[in-house]
Amino acid sequence: MNLKRLLAGCGTMALVLSMASPALAQVDLGQFTAQGSVEAGAIPQPVPYDDAAAKYQEYRDLAQQFIVPKLQLILGDKAENYYVQFDAVNVAQKNQMYSLRFGEYGLLDVQAKFFEIPHFFSDHVASTPYDENGSNFSLSSKPTGTGAALHSWLEANDKPFDMSLLEGVADINVRYTPTPSLSFSANMNYQNPTGQQPFGGSFMFGTSPGTFKVNELWVPTQYYTYNFGTGVEYAKNGWLVGFQYQGSFFVDDYSTLTWDNPLNTSGAGGNCVDSTTFTSTSLGGPCQGRAAMYPNNQAHNFIVNGAGQLPFNTHVMGSLEYGFWLQNAPFIPLTSNSKLQQSLSSVGAPNSLGGDVRPFFANLTIDSNPIERLDLKATYSYFDYDNQTPAITFTGVKSLNDVADAQTPFTAYPFSFSEQDVSLEPTYHVTDTIAAHFSMKWQTNHNAGLEVLQQDQLSYGPALDWNPYPWLSFRADYQHAHRDSPGYNNNRASLVRVLGGTPGAIEELQDLRRFDEATVDVNQTSLYASVQPIETLTLFSAFSYDDYNYPSTDFGLQHTSSYSPSVGGSWDPLPGVHLFSDYAWQAYDWNTRSLDESTLPAPTPPAGKTSIWTAKGRNQGNNIDLGMDIAIPQNRILPRPSHLKIQYTYTVGDNRTHQAGDTAAATPAINYPNTGTEFNELMVQYEYDLRDNVAINVGYYFSNFGEHNFMVDQMANYMPHASANSTFLGNTDTSPYNANVGFITLKYKF
């Protein structure tokens, strides 16, 4: 009997299952055995895809009445040489998953999986006046003016549409072990998101700088990502060495996005004619807008790894990795405006990027237990992001309405960096119940293309584990870190030529510090305790606090802190009864300083920097989880065993932003309205065994989402009054909803 015959037997399982006796827990198929389960049922009242429940169904498919939540089939030969396992979840729904695993014990293992991830952005909530053809968006009619005329045109031409994304993912992993010392592996991963999604930005027509006219669109999505890998490992006498290759290829069906200018008619009702200037009154300018989509690219990585045993109970592990990341997609033309025709070569630019990044990674870890009470762990890692993409300089680029191109020529420079990390973590067992830890890590970054060429960070701190009794344990730790950024100068033109300008040509605020590059002091601490006063009861409590301070930052982010206490427990008061609960509270505080740039003369702020805004905010929330899991024994009312699960979740969050300062300026600071959300979810599931291998499953889900929020209408400059929605896509902030879902299924086990 071989594996091929075993797989062939799967094709007749439907007939076999219909003939199997319900009394059997396992089906005998000659030299093979089979077992598994089938669950099928219905949602009595399917949840429609509407605005009220759109968020609840964002990653779910609840619109079908007939459902198959789970299928499972396990096959094996009686000699225990071969195996096959098949699982299916949410069969034929948009959030379905299938997995298959088969092989020969000790020789071959094959695992395959396919699943889909739905993402419903809106269902007839978004609206648009555009007609879509691939990545081209056209208008069948144009407005005859701005303001009220545009408003009327939108109301007459906007049409609702569904916006959703469905991502299919397939995985295959194969491992072949011809001898105990030698093994080969191969893997493949395929991803294909398809559908529509918001583009995360807004497309504009108009002057620069000046009055932008915002045009919201969505992106037709059709990506393909192919990931491949293969490897070999050899292990003997406590040592292992291996080699791997990993490759990735990304393909996008759409290289560009084009859309009609809704404001250009060259006069009321006229045909569109490109022009070199944009004016709202005469509706002149470009007839179309255009943007580049994600470019095709590929990556290749080669990995060598090894591990072994050394004297004094010491283990060593290491790896080396080198790669080629390439992207050479053609550049799109500089403009779609026929009145501003310019070729890439005329401005000194190549036809494509020639993107070439060659990452290198090395890692070495040593873990040792030289004496009984002492454990040592040391790690060294090095990562080099070697960006060999050429710098590209543009000269004489013409922009709409720009009389003089003061910012050209400009250069796009590649960004590179390298990072080294050294860490040491000793642990000493002071007694049988007390363990003292200390961790120290040194990290340095060397950058090219940032405001800081070098960053050094040292972090260190102790931790203590105390377990005085088997039923009682404590843990406490503290970490301090300091990152130094010597030579930080946000206008460091001699090191980073901003836009290719000469020193002084491009001025930026000298006192500004980017928080990811600036000097920072970090303090972090956490506490944890667990107690089990009786065998069936466990209680725990935890607390964490993080504090980030930016001492060298005059403007920008100044300070952040977060803290989160939590308590919880689990209790098994009776056999088959499990109760649990958890409560957590979180808070995140921050404050910044900024300047009212509308009052500043170029290129630097006035002496004294009087036009100052200060802002501080807090994001906080509470979360409660309660639940029970009860195995109900047989009784007079319920003559067969049954099972009840109940879980309730409550979450509430609140965001506050308060600002002050510059009260005499034309644009004084204001406080934003508080925003927040509230979420309740109840899940109840009851399973009753009709027979030893047949059970009925009844479930109910309740979900409630509420909010107090505000939104900014990005299209307000089009409209005579503020709109309730973003005008073109029509998408509001997440709407409050109540969702009720019930189901009933029948489970058969064999």
# chains A, B, ... in the order shown; residues from 1 in each chain; ligands from 1
>>> residues_around(residues="Asp465 (chain A)", least_positions_apart="4", cutoff="12 Å", atoms="only C-alpha atoms", output="list in words")
Thr427, Tyr428, His429, Val430, Thr431, Asp432, Thr433, Ile434, Ala435, Ala436, His437, Phe438, Leu472, Ser473, Phe474, Arg475, Ala476, Asp477, Leu527, Tyr528, Ala529 and Ser530 of chain A
>>> residues_around(residues="Phe515 (chain A)", least_positions_apart="3", cutoff="9 Å", atoms="only C-alpha atoms", output="VMD selection string")
chain A and resid 518 to 520 550 553 556 to 558
>>> write_last_selection(atoms="N, CA and C atoms", output="compact mmCIF listing (two decimals), in the first residue's frame")
# COMPACT_ATOMS: atom_id res chain seq x y z
N ALA A 518 15.34 62.04 17.13
CA ALA A 518 15.86 62.92 18.17
C ALA A 518 16.31 62.14 19.40
N THR A 519 17.08 62.83 20.26
CA THR A 519 17.48 62.28 21.54
C THR A 519 16.24 61.95 22.37
N VAL A 520 16.27 60.80 23.03
CA VAL A 520 15.11 60.37 23.81
C VAL A 520 15.58 59.62 25.05
N TYR A 550 11.70 63.72 25.28
CA TYR A 550 12.58 64.20 24.21
C TYR A 550 13.22 65.51 24.67
N THR A 553 14.20 68.45 22.02
CA THR A 553 13.20 68.85 21.05
C THR A 553 12.48 70.11 21.53
N GLY A 556 7.71 70.18 18.22
CA GLY A 556 7.34 68.82 17.87
C GLY A 556 6.95 68.06 19.12
N LEU A 557 7.04 66.74 19.05
CA LEU A 557 6.64 65.90 20.17
C LEU A 557 7.58 66.09 21.34
N GLN A 558 7.02 66.34 22.52
CA GLN A 558 7.82 66.61 23.71
C GLN A 558 7.87 65.41 24.66
>>> residues_around(residues="Gly699 (chain A)", least_positions_apart="4", cutoff="7 Å", atoms="only C-alpha atoms", output="mmCIF file with C-alpha atoms, in the first residue's frame")
data_model
loop_
_atom_site.group_PDB
_atom_site.id
_atom_site.type_symbol
_atom_site.label_atom_id
_atom_site.label_comp_id
_atom_site.auth_asym_id
_atom_site.auth_seq_id
_atom_site.Cartn_x
_atom_site.Cartn_y
_atom_site.Cartn_z
ATOM 1 C CA VAL A 684 -23.767 32.291 23.513
ATOM 2 C CA GLN A 685 -23.292 28.745 22.195
ATOM 3 C CA TYR A 686 -25.050 25.581 23.359
ATOM 4 C CA GLY A 742 -28.414 33.427 15.394
ATOM 5 C CA PHE A 743 -27.520 30.032 13.955
ATOM 6 C CA ILE A 744 -28.369 26.371 14.351
#
>>> residues_around(residues="Ala40 (chain A)", least_positions_apart="6", cutoff="6 Å", atoms="only C-alpha atoms", output="CSV table (one decimal) with all heavy atoms, in the first residue's frame")
chain,number,residue,atom,x,y,z
A,67,ILE,N,-25.1,27.4,6.1
A,67,ILE,CA,-23.7,27.5,6.4
A,67,ILE,C,-23.2,26.2,6.8
A,67,ILE,O,-23.9,25.3,7.2
A,67,ILE,CB,-23.5,28.5,7.6
A,67,ILE,CG1,-24.3,28.0,8.9
A,67,ILE,CG2,-23.9,29.9,7.3
A,67,ILE,CD1,-24.0,28.7,10.1
A,68,VAL,N,-21.9,26.0,6.5
A,68,VAL,CA,-21.1,24.8,6.9
A,68,VAL,C,-19.9,25.3,7.7
A,68,VAL,O,-18.8,25.5,7.1
A,68,VAL,CB,-20.7,24.0,5.6
A,68,VAL,CG1,-20.0,22.7,6.1
A,68,VAL,CG2,-21.9,23.7,4.8
A,745,THR,N,-26.9,24.5,13.9
A,745,THR,CA,-26.2,23.5,13.1
A,745,THR,C,-26.3,22.1,13.7
A,745,THR,O,-26.6,21.9,14.9
A,745,THR,CB,-24.7,23.9,12.9
A,745,THR,OG1,-24.1,23.8,14.2
A,745,THR,CG2,-24.5,25.2,12.3
A,746,LEU,N,-26.1,21.1,12.8
A,746,LEU,CA,-26.0,19.7,13.2
A,746,LEU,C,-24.6,19.2,13.0
A,746,LEU,O,-24.1,19.3,11.9
A,746,LEU,CB,-27.1,18.9,12.4
A,746,LEU,CG,-27.3,17.5,13.0
A,746,LEU,CD1,-28.0,17.5,14.3
A,746,LEU,CD2,-28.2,16.7,11.9
>>> atom_distance(atom1="CA of Thr365 (chain A)", atom2="CA of Ala481 (chain A)")
22.2 Å
>>> residues_around(residues="region 96-104 of chain A", least_positions_apart="3", cutoff="8 Å", atoms="only C-alpha atoms", output="PyMOL selection string")
chain A and resi 3+81-93+107-117
>>> write_last_selection(atoms="N, CA and C atoms", output="PDB file, in the first residue's frame")
ATOM      1  N   LEU A   3       1.227   5.822  -0.630  1.00  0.00           N
ATOM      2  CA  LEU A   3       0.537   7.085  -0.383  1.00  0.00           C
ATOM      3  C   LEU A   3      -0.414   7.433  -1.520  1.00  0.00           C
ATOM      4  N   ASN A  81       1.807   4.136   8.740  1.00  0.00           N
ATOM      5  CA  ASN A  81       2.860   4.638   7.859  1.00  0.00           C
ATOM      6  C   ASN A  81       2.465   5.942   7.167  1.00  0.00           C
ATOM      7  N   TYR A  82       1.180   6.075   6.834  1.00  0.00           N
ATOM      8  CA  TYR A  82       0.717   7.213   6.049  1.00  0.00           C
ATOM      9  C   TYR A  82      -0.416   7.933   6.775  1.00  0.00           C
ATOM     10  N   TYR A  83      -0.614   9.198   6.429  1.00  0.00           N
ATOM     11  CA  TYR A  83      -1.669   9.992   7.062  1.00  0.00           C
ATOM     12  C   TYR A  83      -2.191  11.043   6.088  1.00  0.00           C
ATOM     13  N   VAL A  84      -3.465  11.381   6.257  1.00  0.00           N
ATOM     14  CA  VAL A  84      -4.114  12.453   5.511  1.00  0.00           C
ATOM     15  C   VAL A  84      -5.072  13.158   6.462  1.00  0.00           C
ATOM     16  N   GLN A  85      -5.013  14.483   6.521  1.00  0.00           N
ATOM     17  CA  GLN A  85      -5.962  15.254   7.322  1.00  0.00           C
ATOM     18  C   GLN A  85      -6.459  16.438   6.509  1.00  0.00           C
ATOM     19  N   PHE A  86      -7.775  16.565   6.422  1.00  0.00           N
ATOM     20  CA  PHE A  86      -8.400  17.656   5.678  1.00  0.00           C
ATOM     21  C   PHE A  86      -9.331  18.416   6.613  1.00  0.00           C
ATOM     22  N   ASP A  87      -9.214  19.746   6.619  1.00  0.00           N
ATOM     23  CA  ASP A  87     -10.071  20.608   7.432  1.00  0.00           C
ATOM     24  C   ASP A  87     -10.631  21.717   6.563  1.00  0.00           C
ATOM     25  N   ALA A  88     -11.888  22.078   6.812  1.00  0.00           N
ATOM     26  CA  ALA A  88     -12.528  23.184   6.099  1.00  0.00           C
ATOM     27  C   ALA A  88     -13.346  23.991   7.102  1.00  0.00           C
ATOM     28  N   VAL A  89     -13.244  25.307   7.016  1.00  0.00           N
ATOM     29  CA  VAL A  89     -13.963  26.218   7.905  1.00  0.00           C
ATOM     30  C   VAL A  89     -14.742  27.211   7.052  1.00  0.00           C
ATOM     31  N   ASN A  90     -15.998  27.457   7.418  1.00  0.00           N
ATOM     32  CA  ASN A  90     -16.868  28.396   6.696  1.00  0.00           C
ATOM     33  C   ASN A  90     -16.901  28.076   5.198  1.00  0.00           C
ATOM     34  N   VAL A  91     -17.279  26.866   4.895  1.00  0.00           N
ATOM     35  CA  VAL A  91     -17.246  26.378   3.517  1.00  0.00           C
ATOM     36  C   VAL A  91     -18.123  27.248   2.618  1.00  0.00           C
ATOM     37  N   ALA A  92     -17.567  27.668   1.475  1.00  0.00           N
ATOM     38  CA  ALA A  92     -18.258  28.430   0.429  1.00  0.00           C
ATOM     39  C   ALA A  92     -18.622  29.850   0.862  1.00  0.00           C
ATOM     40  N   GLN A  93     -18.138  30.292   2.021  1.00  0.00           N
ATOM     41  CA  GLN A  93     -18.343  31.680   2.399  1.00  0.00           C
ATOM     42  C   GLN A  93     -17.115  32.500   2.025  1.00  0.00           C
ATOM     43  N   LEU A 107       9.295  10.547   6.690  1.00  0.00           N
ATOM     44  CA  LEU A 107       9.890  10.705   5.373  1.00  0.00           C
ATOM     45  C   LEU A 107       9.386  11.944   4.639  1.00  0.00           C
ATOM     46  N   LEU A 108       8.067  12.093   4.540  1.00  0.00           N
ATOM     47  CA  LEU A 108       7.499  13.167   3.733  1.00  0.00           C
ATOM     48  C   LEU A 108       6.348  13.819   4.475  1.00  0.00           C
ATOM     49  N   ASP A 109       6.327  15.149   4.458  1.00  0.00           N
ATOM     50  CA  ASP A 109       5.215  15.899   5.044  1.00  0.00           C
ATOM     51  C   ASP A 109       4.849  17.030   4.087  1.00  0.00           C
ATOM     52  N   VAL A 110       3.578  17.064   3.672  1.00  0.00           N
ATOM     53  CA  VAL A 110       3.079  18.085   2.749  1.00  0.00           C
ATOM     54  C   VAL A 110       1.912  18.794   3.415  1.00  0.00           C
ATOM     55  N   GLN A 111       1.977  20.125   3.486  1.00  0.00           N
ATOM     56  CA  GLN A 111       0.899  20.930   4.064  1.00  0.00           C
ATOM     57  C   GLN A 111       0.469  21.977   3.048  1.00  0.00           C
ATOM     58  N   ALA A 112      -0.841  22.051   2.803  1.00  0.00           N
ATOM     59  CA  ALA A 112      -1.395  23.026   1.865  1.00  0.00           C
ATOM     60  C   ALA A 112      -2.568  23.724   2.533  1.00  0.00           C
ATOM     61  N   LYS A 113      -2.689  25.028   2.284  1.00  0.00           N
ATOM     62  CA  LYS A 113      -3.757  25.810   2.897  1.00  0.00           C
ATOM     63  C   LYS A 113      -4.214  26.882   1.919  1.00  0.00           C
ATOM     64  N   PHE A 114      -5.523  27.090   1.897  1.00  0.00           N
ATOM     65  CA  PHE A 114      -6.098  28.182   1.118  1.00  0.00           C
ATOM     66  C   PHE A 114      -7.151  28.871   1.976  1.00  0.00           C
ATOM     67  N   PHE A 115      -7.093  30.199   2.038  1.00  0.00           N
ATOM     68  CA  PHE A 115      -8.116  30.936   2.778  1.00  0.00           C
ATOM     69  C   PHE A 115      -8.327  32.296   2.128  1.00  0.00           C
ATOM     70  N   GLU A 116      -9.479  32.874   2.431  1.00  0.00           N
ATOM     71  CA  GLU A 116      -9.842  34.182   1.897  1.00  0.00           C
ATOM     72  C   GLU A 116     -10.094  35.148   3.045  1.00  0.00           C
ATOM     73  N   ILE A 117      -9.691  36.399   2.847  1.00  0.00           N
ATOM     74  CA  ILE A 117      -9.888  37.452   3.839  1.00  0.00           C
ATOM     75  C   ILE A 117     -10.747  38.533   3.205  1.00  0.00           C
TER      76      ILE A 117
END
>>> residues_around(residues="Thr677 (chain A)", least_positions_apart="3", cutoff="8 Å", atoms="only C-alpha atoms", output="compact mmCIF listing (two decimals) with C-alpha atoms, in the first residue's frame")
# COMPACT_ATOMS: atom_id res chain seq x y z
CA VAL A 652 -15.04 51.87 25.82
CA GLY A 653 -12.50 54.42 24.57
CA ASP A 654 -12.13 58.19 24.74
CA PHE A 705 -21.11 49.67 18.46
CA GLY A 706 -21.60 53.31 19.43
CA GLU A 707 -19.54 56.44 19.01
CA HIS A 708 -19.37 60.15 19.61
>>> residues_around(residues="region 308-316 of chain A", least_positions_apart="4", cutoff="6 Å", atoms="only C-alpha atoms", output="number ranges by chain")
A: 238-239, 365-370
>>> atom_distance(atom1="CA of Asn227 (chain A)", atom2="CA of Arg358 (chain A)")
18.1 Å
>>> closest_residue(among="A:Gln31, A:Val741, A:Asn337, A:Gln246", to="Gln64 (chain A)", atoms="only C-alpha atoms")
A:Val741
>>> closest_residue(among="A:Asp384, A:Asn671, A:Tyr648, A:Ser37", to="Tyr700 (chain A)", atoms="only C-alpha atoms")
A:Tyr648
>>> atom_distance(atom1="CA of Ile303 (chain A)", atom2="CA of Ser381 (chain A)")
14.6 Å
>>> decode(residues="region 168-185 of chain A", atoms="N, CA and C atoms", output="short mmCIF file (atom, residue, chain, number, x, y, z; two decimals), in the first residue's frame")
data_model
loop_
_atom_site.label_atom_id
_atom_site.label_comp_id
_atom_site.auth_asym_id
_atom_site.auth_seq_id
_atom_site.Cartn_x
_atom_site.Cartn_y
_atom_site.Cartn_z
N GLY A 168 -7.26 36.47 -1.55
CA GLY A 168 -7.07 35.03 -1.53
C GLY A 168 -5.61 34.69 -1.25
N VAL A 169 -5.38 33.75 -0.34
CA VAL A 169 -4.03 33.37 0.06
C VAL A 169 -3.90 31.86 -0.03
N ALA A 170 -2.83 31.39 -0.67
CA ALA A 170 -2.55 29.96 -0.78
C ALA A 170 -1.14 29.68 -0.29
N ASP A 171 -0.99 28.62 0.50
CA ASP A 171 0.31 28.22 1.05
C ASP A 171 0.54 26.74 0.78
N ILE A 172 1.76 26.38 0.39
CA ILE A 172 2.17 24.99 0.26
C ILE A 172 3.55 24.85 0.89
N ASN A 173 3.70 23.89 1.80
CA ASN A 173 4.98 23.61 2.43
C ASN A 173 5.27 22.11 2.33
N VAL A 174 6.46 21.78 1.85
CA VAL A 174 6.86 20.38 1.66
C VAL A 174 8.18 20.15 2.39
N ARG A 175 8.25 19.06 3.15
CA ARG A 175 9.51 18.68 3.81
C ARG A 175 9.77 17.21 3.55
N TYR A 176 10.98 16.92 3.07
CA TYR A 176 11.38 15.56 2.70
C TYR A 176 12.64 15.21 3.48
N THR A 177 12.60 14.09 4.22
CA THR A 177 13.72 13.68 5.09
C THR A 177 14.15 12.28 4.71
N PRO A 178 15.05 12.15 3.72
CA PRO A 178 15.45 10.81 3.29
C PRO A 178 16.27 10.06 4.34
N THR A 179 17.02 10.79 5.18
CA THR A 179 17.78 10.18 6.27
C THR A 179 17.58 11.03 7.52
N PRO A 180 17.84 10.50 8.70
CA PRO A 180 17.66 11.30 9.91
C PRO A 180 18.52 12.56 9.94
N SER A 181 19.62 12.58 9.18
CA SER A 181 20.54 13.72 9.21
C SER A 181 20.25 14.75 8.13
N LEU A 182 19.54 14.36 7.09
CA LEU A 182 19.39 15.23 5.92
C LEU A 182 17.92 15.49 5.65
N SER A 183 17.58 16.76 5.40
CA SER A 183 16.20 17.11 5.06
C SER A 183 16.19 18.21 4.02
N PHE A 184 15.17 18.18 3.16
CA PHE A 184 14.96 19.18 2.13
C PHE A 184 13.59 19.82 2.36
N SER A 185 13.46 21.09 2.02
CA SER A 185 12.19 21.78 2.21
C SER A 185 11.93 22.70 1.03
#
